[in-house]
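Containing PDB, C-alpha atoms: query32.pdb.
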```
MODEL        1
ATOM      1  CA  MET U   1      -4.236  13.474  16.594
ATOM      2  CA  SER U   2      -4.231  10.154  18.432
ATOM      3  CA  ASP U   3      -4.465   6.658  17.029
ATOM      4  CA  THR U   4      -8.055   6.534  18.268
ATOM      5  CA  ALA U   5      -9.107   9.626  16.287
ATOM      6  CA  THR U   6     -12.649   9.444  14.961
ATOM      7  CA  ARG U   7     -12.759  12.457  12.650
ATOM      8  CA  LEU U   8     -10.673  14.514  10.257
ATOM      9  CA  ARG U   9      -9.291  17.849  11.396
ATOM     10  CA  GLY U  10     -10.693  20.058   8.626
ATOM     11  CA  LYS U  11     -13.952  20.472   6.730
ATOM     12  CA  ASP U  12     -12.266  19.691   3.387
ATOM     13  CA  LEU U  13     -10.175  17.020   1.679
ATOM     14  CA  LEU U  14      -8.020  19.048  -0.685
ATOM     15  CA  GLY U  15      -5.018  16.736  -0.875
ATOM     16  CA  ILE U  16      -2.971  14.081   0.876
ATOM     17  CA  ALA U  17      -0.232  16.586   1.706
ATOM     18  CA  GLY U  18      -0.887  17.694   5.268
ATOM     19  CA  LEU U  19      -2.814  14.592   6.324
ATOM     20  CA  THR U  20      -1.302  12.681   9.220
ATOM     21  CA  ALA U  21      -0.713   8.933   9.194
ATOM     22  CA  GLU U  22      -3.522   8.679  11.771
ATOM     23  CA  GLU U  23      -5.983  10.511   9.513
ATOM     24  CA  ILE U  24      -5.056   8.313   6.559
ATOM     25  CA  THR U  25      -5.512   5.210   8.708
ATOM     26  CA  LEU U  26      -8.879   6.513   9.904
ATOM     27  CA  ILE U  27     -10.099   6.897   6.325
ATOM     28  CA  LEU U  28      -8.837   3.444   5.323
ATOM     29  CA  ASP U  29     -10.361   1.804   8.401
ATOM     30  CA  THR U  30     -13.677   3.566   7.792
ATOM     31  CA  ALA U  31     -13.592   2.405   4.172
ATOM     32  CA  GLU U  32     -13.451  -1.199   5.384
ATOM     33  CA  ALA U  33     -16.797  -0.709   7.115
ATOM     34  CA  MET U  34     -18.186   1.009   4.028
ATOM     35  CA  LYS U  35     -17.115  -1.864   1.809
ATOM     36  CA  GLU U  36     -19.226  -4.172   3.964
ATOM     37  CA  VAL U  37     -22.233  -1.928   3.244
ATOM     38  CA  SER U  38     -21.657  -2.394  -0.493
ATOM     39  CA  ALA U  39     -21.789  -6.167  -0.030
ATOM     40  CA  ARG U  40     -25.266  -6.109   1.524
ATOM     41  CA  PRO U  41     -28.428  -7.042  -0.417
ATOM     42  CA  ILE U  42     -29.669  -3.486   0.223
ATOM     43  CA  LYS U  43     -26.619  -1.301  -0.355
ATOM     44  CA  LYS U  44     -27.757   1.722   1.614
ATOM     45  CA  VAL U  45     -27.302   3.328   5.038
ATOM     46  CA  PRO U  46     -28.844   6.593   6.324
ATOM     47  CA  ALA U  47     -25.498   8.150   7.292
ATOM     48  CA  LEU U  48     -25.918  11.271   5.084
ATOM     49  CA  ARG U  49     -29.702  11.445   5.057
ATOM     50  CA  GLY U  50     -30.712  15.106   4.834
ATOM     51  CA  LYS U  51     -27.265  16.143   3.552
ATOM     52  CA  THR U  52     -26.828  17.674   0.085
ATOM     53  CA  VAL U  53     -23.801  16.859  -2.066
ATOM     54  CA  ILE U  54     -23.043  18.670  -5.337
ATOM     55  CA  ASN U  55     -20.754  17.106  -7.940
ATOM     56  CA  LEU U  56     -19.017  19.806  -9.983
ATOM     57  CA  PHE U  57     -16.827  18.294 -12.695
ATOM     58  CA  TYR U  58     -15.081  20.697 -15.072
ATOM     59  CA  GLU U  59     -13.086  17.846 -16.655
ATOM     60  CA  PRO U  60     -14.269  14.557 -18.197
ATOM     61  CA  SER U  61     -14.470  11.635 -15.788
ATOM     62  CA  THR U  62     -15.960   8.157 -15.771
ATOM     63  CA  ARG U  63     -14.618   6.246 -12.763
ATOM     64  CA  THR U  64     -14.259   9.117 -10.299
ATOM     65  CA  ARG U  65     -17.561  10.836 -11.019
ATOM     66  CA  THR U  66     -19.581   7.625 -11.126
ATOM     67  CA  SER U  67     -17.849   6.365  -7.997
ATOM     68  CA  PHE U  68     -18.711   9.517  -6.058
ATOM     69  CA  GLU U  69     -22.319   9.401  -7.246
ATOM     70  CA  VAL U  70     -22.705   5.771  -6.171
ATOM     71  CA  ALA U  71     -21.035   6.534  -2.824
ATOM     72  CA  GLU U  72     -23.399   9.450  -2.171
ATOM     73  CA  LYS U  73     -26.478   7.404  -2.981
ATOM     74  CA  ARG U  74     -25.371   4.518  -0.751
ATOM     75  CA  LEU U  75     -25.027   7.014   2.100
ATOM     76  CA  SER U  76     -28.573   8.329   1.382
ATOM     77  CA  ALA U  77     -27.402  11.847   0.506
ATOM     78  CA  ASP U  78     -29.384  14.160  -1.767
ATOM     79  CA  THR U  79     -27.110  14.582  -4.776
ATOM     80  CA  LEU U  80     -26.881  16.954  -7.702
ATOM     81  CA  SER U  81     -24.428  16.577 -10.583
ATOM     82  CA  ILE U  82     -23.831  19.720 -12.635
ATOM     83  CA  ALA U  83     -23.018  19.282 -16.310
ATOM     84  CA  ILE U  84     -20.510  22.070 -16.955
ATOM     85  CA  ALA U  85     -21.082  21.951 -20.730
ATOM     86  CA  SER U  86     -24.696  23.029 -20.190
ATOM     87  CA  SER U  87     -24.083  25.369 -17.236
ATOM     88  CA  SER U  88     -23.469  29.121 -17.021
ATOM     89  CA  VAL U  89     -19.727  28.411 -17.171
ATOM     90  CA  VAL U  90     -19.997  28.290 -20.965
ATOM     91  CA  LYS U  91     -21.448  31.824 -20.796
ATOM     92  CA  GLY U  92     -18.325  33.065 -19.047
ATOM     93  CA  GLU U  93     -19.238  32.659 -15.379
ATOM     94  CA  THR U  94     -16.132  32.534 -13.191
ATOM     95  CA  LEU U  95     -15.355  29.766 -10.720
ATOM     96  CA  ILE U  96     -15.854  32.194  -7.820
ATOM     97  CA  ASP U  97     -19.296  33.245  -9.068
ATOM     98  CA  THR U  98     -20.263  29.616  -9.591
ATOM     99  CA  ALA U  99     -19.084  28.851  -6.057
ATOM    100  CA  LEU U 100     -21.028  31.764  -4.556
ATOM    101  CA  ASN U 101     -24.199  30.705  -6.334
ATOM    102  CA  LEU U 102     -23.794  27.130  -5.141
ATOM    103  CA  GLU U 103     -23.067  28.383  -1.619
ATOM    104  CA  ALA U 104     -26.358  30.297  -1.677
ATOM    105  CA  MET U 105     -28.134  26.943  -2.076
ATOM    106  CA  ASN U 106     -26.535  25.766   1.193
ATOM    107  CA  PRO U 107     -25.017  22.420   0.158
ATOM    108  CA  ASP U 108     -23.136  20.362   2.740
ATOM    109  CA  ILE U 109     -20.361  19.039   0.476
ATOM    110  CA  VAL U 110     -19.120  19.966  -3.004
ATOM    111  CA  VAL U 111     -17.040  17.422  -4.930
ATOM    112  CA  MET U 112     -15.028  19.164  -7.643
ATOM    113  CA  ARG U 113     -12.692  18.244 -10.480
ATOM    114  CA  HIS U 114     -10.973  21.099 -12.289
ATOM    115  CA  ALA U 115      -8.207  21.531 -14.858
ATOM    116  CA  SER U 116      -6.460  24.232 -12.818
ATOM    117  CA  SER U 117      -4.178  23.273  -9.933
ATOM    118  CA  GLY U 118      -5.401  24.848  -6.703
ATOM    119  CA  ALA U 119      -8.984  25.407  -7.889
ATOM    120  CA  CYS U 120     -10.362  23.319  -5.027
ATOM    121  CA  HIS U 121      -8.400  25.398  -2.494
ATOM    122  CA  LEU U 122      -9.995  28.533  -3.944
ATOM    123  CA  LEU U 123     -13.423  26.966  -3.587
ATOM    124  CA  ALA U 124     -12.673  25.925  -0.001
ATOM    125  CA  ARG U 125     -11.812  29.521   0.929
ATOM    126  CA  THR U 126     -15.063  30.741  -0.622
ATOM    127  CA  CYS U 127     -17.554  28.136   0.576
ATOM    128  CA  GLN U 128     -18.740  27.087   4.005
ATOM    129  CA  ALA U 129     -19.510  23.668   2.523
ATOM    130  CA  GLY U 130     -16.939  20.901   2.736
ATOM    131  CA  ILE U 131     -14.883  20.620  -0.465
ATOM    132  CA  VAL U 132     -13.579  17.306  -1.777
ATOM    133  CA  ASN U 133     -10.861  17.466  -4.413
ATOM    134  CA  ALA U 134     -11.676  14.974  -7.174
ATOM    135  CA  GLY U 135      -8.553  16.019  -9.091
ATOM    136  CA  ASP U 136      -7.172  19.515  -9.726
ATOM    137  CA  GLY U 137      -4.874  20.015 -12.684
ATOM    138  CA  MET U 138      -1.461  18.452 -12.108
ATOM    139  CA  HIS U 139      -1.670  18.987  -8.341
ATOM    140  CA  GLU U 140      -3.446  16.189  -6.432
ATOM    141  CA  HIS U 141      -6.098  13.472  -6.607
ATOM    142  CA  PRO U 142      -6.437  12.452  -2.945
ATOM    143  CA  THR U 143      -9.266   9.923  -3.151
ATOM    144  CA  GLN U 144      -7.451   8.015  -5.909
ATOM    145  CA  ALA U 145      -4.371   7.673  -3.682
ATOM    146  CA  LEU U 146      -6.572   6.578  -0.787
ATOM    147  CA  LEU U 147      -8.275   3.871  -2.836
ATOM    148  CA  ASP U 148      -4.893   2.748  -4.163
ATOM    149  CA  ALA U 149      -3.582   2.481  -0.593
ATOM    150  CA  PHE U 150      -6.743   0.681   0.495
ATOM    151  CA  THR U 151      -6.286  -1.853  -2.322
ATOM    152  CA  ILE U 152      -2.621  -2.436  -1.440
ATOM    153  CA  ARG U 153      -3.393  -2.803   2.259
ATOM    154  CA  GLU U 154      -6.279  -5.163   1.485
ATOM    155  CA  ARG U 155      -3.976  -7.451  -0.502
ATOM    156  CA  LYS U 156      -0.778  -7.081   1.556
ATOM    157  CA  GLY U 157      -2.135  -6.414   5.038
ATOM    158  CA  ARG U 158       0.066  -3.336   5.474
ATOM    159  CA  LEU U 159       1.705  -0.404   3.746
ATOM    160  CA  LYS U 160       4.798   0.094   5.890
ATOM    161  CA  GLY U 161       7.931  -1.506   4.486
ATOM    162  CA  LEU U 162       6.467  -2.370   1.078
ATOM    163  CA  LYS U 163       8.223  -1.449  -2.158
ATOM    164  CA  VAL U 164       5.854   0.288  -4.571
ATOM    165  CA  ALA U 165       6.991   1.089  -8.116
ATOM    166  CA  ILE U 166       5.136   3.903  -9.923
ATOM    167  CA  THR U 167       5.943   4.172 -13.632
ATOM    168  CA  GLY U 168       4.693   6.499 -16.339
ATOM    169  CA  ASP U 169       3.944  10.174 -16.889
ATOM    170  CA  LEU U 170       5.120  11.452 -13.517
ATOM    171  CA  LEU U 171       5.313  15.076 -14.631
ATOM    172  CA  HIS U 172       1.629  15.568 -15.386
ATOM    173  CA  SER U 173       0.187  13.076 -12.888
ATOM    174  CA  ARG U 174      -1.776  14.271  -9.870
ATOM    175  CA  VAL U 175      -2.225  10.583  -9.023
ATOM    176  CA  PHE U 176       1.545  10.210  -8.668
ATOM    177  CA  ARG U 177       1.828  13.189  -6.327
ATOM    178  CA  SER U 178      -0.962  12.052  -4.048
ATOM    179  CA  ASN U 179       0.370   8.495  -3.959
ATOM    180  CA  ALA U 180       3.895   9.712  -3.226
ATOM    181  CA  TYR U 181       2.655  11.764  -0.270
ATOM    182  CA  LEU U 182       0.454   8.981   1.098
ATOM    183  CA  LEU U 183       2.715   5.968   0.662
ATOM    184  CA  THR U 184       5.816   7.669   2.053
ATOM    185  CA  THR U 185       3.804   9.008   5.004
ATOM    186  CA  MET U 186       2.684   5.441   5.713
ATOM    187  CA  GLY U 187       6.234   4.074   5.565
ATOM    188  CA  ALA U 188       6.349   2.492   2.113
ATOM    189  CA  GLU U 189       9.413   2.686  -0.137
ATOM    190  CA  VAL U 190       8.308   4.374  -3.363
ATOM    191  CA  TRP U 191      10.245   4.125  -6.617
ATOM    192  CA  ALA U 192       9.254   6.562  -9.377
ATOM    193  CA  CYS U 193      10.182   5.711 -12.956
ATOM    194  CA  GLY U 194       9.718   7.481 -16.253
ATOM    195  CA  PRO U 195      11.578   9.207 -19.085
ATOM    196  CA  PRO U 196      13.797  12.119 -17.961
ATOM    197  CA  THR U 197      11.471  14.472 -19.860
ATOM    198  CA  LEU U 198       8.510  13.296 -17.747
ATOM    199  CA  MET U 199      10.319  13.492 -14.413
ATOM    200  CA  PRO U 200       9.231  16.484 -12.279
ATOM    201  CA  ALA U 201      11.951  18.855 -11.106
ATOM    202  CA  GLY U 202      12.854  18.249  -7.481
ATOM    203  CA  ILE U 203      11.110  14.866  -7.468
ATOM    204  CA  ALA U 204      13.353  13.590  -4.661
ATOM    205  CA  ARG U 205      11.726  16.121  -2.323
ATOM    206  CA  LEU U 206       8.603  13.946  -2.463
ATOM    207  CA  GLY U 207      10.556  11.239  -0.621
ATOM    208  CA  VAL U 208      10.628   8.844  -3.573
ATOM    209  CA  ARG U 209      13.557   7.143  -5.314
ATOM    210  CA  PRO U 210      13.628   8.288  -8.960
ATOM    211  CA  THR U 211      15.001   6.132 -11.778
ATOM    212  CA  THR U 212      14.763   6.038 -15.554
ATOM    213  CA  ARG U 213      15.163   2.247 -15.651
ATOM    214  CA  VAL U 214      11.858   0.444 -15.285
ATOM    215  CA  GLU U 215      13.633  -2.817 -14.477
ATOM    216  CA  GLU U 216      15.296  -1.198 -11.453
ATOM    217  CA  ALA U 217      11.980   0.212 -10.236
ATOM    218  CA  VAL U 218      10.080  -3.058 -10.603
ATOM    219  CA  GLU U 219      12.727  -5.422  -9.216
ATOM    220  CA  GLY U 220      11.517  -6.857  -5.918
ATOM    221  CA  ALA U 221       8.413  -4.654  -5.862
ATOM    222  CA  ASP U 222       5.318  -5.608  -3.868
ATOM    223  CA  ALA U 223       3.071  -3.411  -6.014
ATOM    224  CA  VAL U 224       3.567  -2.002  -9.504
ATOM    225  CA  MET U 225       1.453   0.990 -10.511
ATOM    226  CA  MET U 226       1.342   2.161 -14.111
ATOM    227  CA  LEU U 227       0.303   5.719 -14.970
ATOM    228  CA  ARG U 228      -1.380   6.899 -18.146
ATOM    229  CA  ILE U 229       0.533   8.982 -20.668
ATOM    230  CA  GLN U 230      -1.457  12.240 -20.530
ATOM    231  CA  LEU U 231      -1.204  13.401 -24.116
ATOM    232  CA  GLU U 232      -3.898  16.038 -23.516
ATOM    233  CA  ARG U 233      -1.563  17.866 -21.093
ATOM    234  CA  MET U 234       1.529  17.650 -23.290
ATOM    235  CA  GLN U 235       2.726  20.453 -25.518
ATOM    236  CA  GLY U 236       5.838  19.390 -27.387
ATOM    237  CA  GLY U 237       7.702  16.128 -27.806
ATOM    238  CA  PHE U 238       8.410  14.340 -24.541
ATOM    239  CA  PHE U 239       9.445  11.061 -26.226
ATOM    240  CA  PRO U 240       9.898   9.919 -29.837
ATOM    241  CA  SER U 241       6.746   7.797 -30.190
ATOM    242  CA  LEU U 242       4.193   5.805 -28.210
ATOM    243  CA  ARG U 243       5.657   2.613 -29.631
ATOM    244  CA  GLU U 244       9.147   3.464 -28.396
ATOM    245  CA  TYR U 245       7.735   4.475 -25.006
ATOM    246  CA  PHE U 246       6.150   1.045 -24.652
ATOM    247  CA  GLN U 247       9.375  -0.706 -25.619
ATOM    248  CA  VAL U 248      11.349   1.155 -22.931
ATOM    249  CA  PHE U 249       8.780   1.672 -20.151
ATOM    250  CA  GLY U 250       5.731  -0.488 -20.908
ATOM    251  CA  MET U 251       4.734  -3.158 -18.386
ATOM    252  CA  THR U 252       5.192  -6.557 -20.009
ATOM    253  CA  PRO U 253       5.021 -10.081 -18.539
ATOM    254  CA  ALA U 254       8.838 -10.227 -18.602
ATOM    255  CA  ARG U 255       9.108  -7.061 -16.512
ATOM    256  CA  VAL U 256       6.407  -8.220 -14.106
ATOM    257  CA  ARG U 257       8.520 -11.308 -13.382
ATOM    258  CA  LEU U 258      11.188  -9.000 -11.917
ATOM    259  CA  ALA U 259       8.797  -8.060  -9.115
ATOM    260  CA  LYS U 260       7.967 -10.323  -6.180
ATOM    261  CA  PRO U 261       5.996 -13.476  -7.107
ATOM    262  CA  ASP U 262       2.928 -12.153  -5.296
ATOM    263  CA  ALA U 263       3.227  -8.572  -6.593
ATOM    264  CA  ILE U 264       0.050  -6.783  -7.624
ATOM    265  CA  ILE U 265      -0.407  -4.716 -10.800
ATOM    266  CA  MET U 266      -2.295  -1.426 -10.556
ATOM    267  CA  HIS U 267      -3.535   1.325 -12.868
ATOM    268  CA  PRO U 268      -5.770   4.297 -12.008
ATOM    269  CA  GLY U 269      -7.325   4.280 -15.487
ATOM    270  CA  PRO U 270      -8.143   4.964 -18.167
ATOM    271  CA  MET U 271      -5.575   2.552 -19.598
ATOM    272  CA  ASN U 272      -3.771   2.940 -22.893
ATOM    273  CA  ARG U 273      -3.212  -0.712 -23.719
ATOM    274  CA  GLY U 274      -0.013  -1.282 -25.610
ATOM    275  CA  VAL U 275       1.386   2.057 -24.427
ATOM    276  CA  GLU U 276       1.924   1.850 -20.658
ATOM    277  CA  ILE U 277       0.704  -1.697 -20.115
ATOM    278  CA  GLU U 278       0.300  -4.891 -22.139
ATOM    279  CA  SER U 279      -3.161  -6.445 -22.169
ATOM    280  CA  GLU U 280      -1.782  -9.745 -20.878
ATOM    281  CA  VAL U 281      -0.619  -7.899 -17.757
ATOM    282  CA  ALA U 282      -3.710  -5.705 -17.358
ATOM    283  CA  ASP U 283      -6.004  -8.739 -17.542
ATOM    284  CA  GLY U 284      -3.687 -11.192 -15.774
ATOM    285  CA  PRO U 285      -4.022 -12.834 -12.353
ATOM    286  CA  ALA U 286      -1.812 -10.236 -10.649
ATOM    287  CA  SER U 287      -3.990  -7.341 -11.799
ATOM    288  CA  VAL U 288      -6.113  -5.554  -9.172
ATOM    289  CA  ILE U 289      -7.255  -2.802 -11.530
ATOM    290  CA  LEU U 290     -10.954  -3.648 -11.209
ATOM    291  CA  ASP U 291     -10.518  -4.038  -7.446
ATOM    292  CA  GLN U 292      -9.309  -0.453  -7.406
ATOM    293  CA  VAL U 293     -12.545   0.647  -9.079
ATOM    294  CA  ALA U 294     -14.689  -1.295  -6.600
ATOM    295  CA  ASN U 295     -12.698   0.013  -3.648
ATOM    296  CA  GLY U 296     -13.111   3.562  -4.895
ATOM    297  CA  VAL U 297     -16.775   3.519  -3.869
ATOM    298  CA  ALA U 298     -15.965   2.415  -0.309
ATOM    299  CA  VAL U 299     -13.158   4.964   0.091
ATOM    300  CA  ARG U 300     -15.288   7.831  -1.216
ATOM    301  CA  MET U 301     -18.118   6.772   1.080
ATOM    302  CA  ALA U 302     -15.645   6.957   3.961
ATOM    303  CA  VAL U 303     -14.411  10.428   2.986
ATOM    304  CA  LEU U 304     -17.914  11.858   2.597
ATOM    305  CA  TYR U 305     -19.041  10.228   5.830
ATOM    306  CA  LEU U 306     -16.105  11.560   7.860
ATOM    307  CA  LEU U 307     -16.345  15.093   6.442
ATOM    308  CA  ALA U 308     -20.094  15.183   7.145
ATOM    309  CA  GLY U 309     -19.471  14.169  10.761
ATOM    310  CA  GLY U 310     -21.563  11.006  10.754
ATOM    311  CA  SER U 311     -21.743   8.662  13.737
ATOM    312  CA  ASP U 312     -20.752   5.013  13.945
ATOM    313  CA  ASP U 313     -24.375   4.009  14.620
ATOM    314  CA  GLU U 314     -25.409   5.197  11.165
ATOM    315  CA  THR U 315     -23.107   2.820   9.273
ATOM    316  CA  ALA U 316     -24.562  -0.118  11.154
ATOM    317  CA  ALA U 317     -28.135   0.780  10.268
TER     318      ALA U 317
ENDMDL
END
```

Using C-alpha cells, write down the structure that the file contains.
Amino acid sequence: MSDTATRLRGKDLLGIAGLTAEEITLILDTAEAMKEVSARPIKKVPALRGKTVINLFYEPSTRTRTSFEVAEKRLSADTLSIAIASSSVVKGETLIDTALNLEAMNPDIVVMRHASSGACHLLARTCQAGIVNAGDGMHEHPTQALLDAFTIRERKGRLKGLKVAITGDLLHSRVFRSNAYLLTTMGAEVWACGPPTLMPAGIARLGVRPTTRVEEAVEGADAVMMLRIQLERMQGGFFPSLREYFQVFGMTPARVRLAKPDAIIMHPGPMNRGVEIESEVADGPASVILDQVANGVAVRMAVLYLLAGGSDDETAA
C-alpha cells in the first residue's frame, strides 16, 4: 500500500496487528477531517446515508458504545443497538446463530464488543458485513489505540521518536496490546510498566521495553498512559492491596515531574481515582483524558467511513 492509499485493504477492522503504517496514517488523517465535521453547527454529513450499522455489545460500555453511536449518526447511517440483556442470547442463542440472524437482515457494518478473545474474528468469517472490533476479551481494542494515537499526534505533531510510557494492568489489557502494536509500528518508543504478576509472558515480543519501576518508565516520557486495574478479569491475588498498588505504581504529581515538561497524561477510562491515578493528575493541565473521549468520535467516524467505502466528496457535504 502506498502513502497515497485511500482505503483499507479488508472489509473489517479486527485489530491493529496486521495494519500497515500507511493504513494507520490513513485512518488518522481521515479522522482529522471528521473532527472538523464535529465542530460544525450542523454535525452531520451524508457519507453513510442508506448504510445500516448494528451495535452488538456483549460487555458493558459507556465511552465506546456512545462514541460509536454518535459517530454513526453524524455520518447519517441507520443504526440499531442491540441490548444483549434483553436479546435471545439470554435464552441460550450462540454467537454464530446471532450472527447468522443479523446477516439475514443485510447490515453493512456490525460493531461488536465481546468478552471472548477472537469473537470478532469468528463473526468476520461468518458475516458478509464489515466487522469492527470494539474490544474482544484480552485481545485487542483497535479504535481505542487509534484515538490514543490521534490524541498524541494532535498534541505532539508526530508519533515517530516519541517515548510513551504505559503503566497498569498490562496482562488483562486489550488497550495495551493495541497501543503496543500501533505505536511501535509508527516508530514510537514504548515502555510498559506494571507489577511482575501483571506482566504478560513474552511481552518483549510486542516490541516494548518492560520495566517494573514506574519512575524508569515515566522518566523523559512525552506521553504517559495509565491503564485501569481490571478486577473483574482477575482470579487470585495479583498484588497485596489497591492501596499498595497506588503507592508503588500510581501516577502522582511527583512522578509526572519525571516526564518531559510538556508531557501529556492519558487514560482510556473508566478511571479508578486513587488506584492508578491521583485526581490532581487526572484533572491537571497535562491531562488529555477528555480530549481522548472527544477524539474517539472522529476516529470511529473515520473507521466506519473507510470500511463503508465512502468518497471524499461526502465528507465535504

Mind dumping a table of every segment 164-224 of chain U residue within 10 Å of segment 127-140 of chain U, with the nearest atom pair and its distance in Å to one decimal, using only C-alpha atoms, sorted by chain and rising number, as a tab-separated table?
```
residue	atom	partner	partner_atom	distance
U:Leu170	CA	U:Met138	CA	9.7
U:Leu171	CA	U:Met138	CA	8.0
U:His172	CA	U:Met138	CA	5.3
U:Ser173	CA	U:Met138	CA	5.7
U:Arg174	CA	U:Glu140	CA	4.3
U:Val175	CA	U:Glu140	CA	6.3
U:Phe176	CA	U:Glu140	CA	8.1
U:Arg177	CA	U:Glu140	CA	6.1
U:Ser178	CA	U:Glu140	CA	5.4
U:Asn179	CA	U:Glu140	CA	8.9
U:Tyr181	CA	U:Glu140	CA	9.7
```

What are the closest atom pairs, with distances in Å to one decimal, for all residues of segment 55-91 of chain U lying within 8 Å of segment 275-299 of chain U? Consider only C-alpha atoms, order rows by chain and residue number, and present the result as a tab-separated table.
```
residue	atom	partner	partner_atom	distance
U:Arg63	CA	U:Val293	CA	7.0
U:Thr64	CA	U:Gly296	CA	7.8
U:Ser67	CA	U:Val297	CA	5.1
U:Phe68	CA	U:Val297	CA	6.7
U:Val70	CA	U:Val297	CA	6.7
U:Ala71	CA	U:Val297	CA	5.3
```

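Note that atom CA of Ser81 of chain U and atom CA of Phe57 of chain U are 8.1 Å apart.
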
Determine the residue set returned by the PyMOL selection byres ((chain U and resi 35) around 12) for the present structure, and present it as a PyMOL selection string. chain U and resi 28-34+36-40+43-45+71+74-75+147+150-151+154+291+294-302+315

For atom CA of Gly18 of chain U and atom CA of Thr79 of chain U, determine how far apart the two atoms are, in Å to one decimal place.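 Going from atom CA of Gly18 of chain U over to atom CA of Thr79 of chain U, I get 28.3 Å.
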
Long-range neighbours of Asn101 of chain U as a list in words, 12 Å cut-off, only C-alpha atoms, 6 positions minimum in chain: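 Once the adjacent positions are removed, what remains is Ser88, Val89, Glu93, Thr94, Leu95, Pro107, Leu123, Thr126 and Cys127 of chain U.
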
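Coordinates place atom CA of Pro60 of chain U at a distance of 11.4 Å from atom CA of Pro270 of chain U.
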
Residue with smallest distance to Thr212 of chain U - pool U:Ala149, U:Ala165, U:Ala254, U:Val224, counting all atoms listed in the file: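 When distances to Thr212 of chain U are compared using all atoms listed in the file, the smallest one comes from U:Ala165.
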
Please determine an axis-aligned box that encloses all atoms of segment 287-301 of chain U listed in the file, with 6 Å added on each side, and express its centre and edge lengths in Å to one decimal as JSON.
```
{"center_x": -11.1, "center_y": 0.2, "center_z": -5.4, "size_x": 26.1, "size_y": 27.2, "size_z": 24.9}
```

Counting only C-alpha atoms, the residue among U:Val90, U:Met266, U:Leu26, U:Met112 that lies closest to Ser61 of chain U is U:Met112

What lies within 8 Å of segment 183-196 of chain U using all atoms listed in the file, ignoring chain neighbours under 6 positions off, as a ChimeraX atom specification? /U:20-21,149,159-170,207-214,217,239,249

Min atom-atom distance to Gly10 of chain U from the set U:Ala115, U:Thr252, U:Leu307, U:Cys120, counting all atoms listed in the file, belongs to U:Leu307

Take the PyMOL selection byres ((chain U and resi 50) around 9), run it mentally on this structure, and tell me the resulting residues as a ChimeraX atom specification. /U:46,48-49,51-52,76-78

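Here the question is which of U:Val218, U:Val53, U:Ala204, U:Ala223 gets nearest to Leu102 of chain U using all atoms listed in the file, and that residue is U:Val53.
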
Tell me, as JSON, numbers by chain, which residues lie within 12 Å of Arg257 of chain U, counting all atoms listed in the file; anything in the same chain fewer than 2 positions away does not count. {"U": [215, 218, 219, 220, 221, 222, 224, 251, 252, 253, 254, 255, 259, 260, 261, 262, 263, 264, 265, 281, 286]}
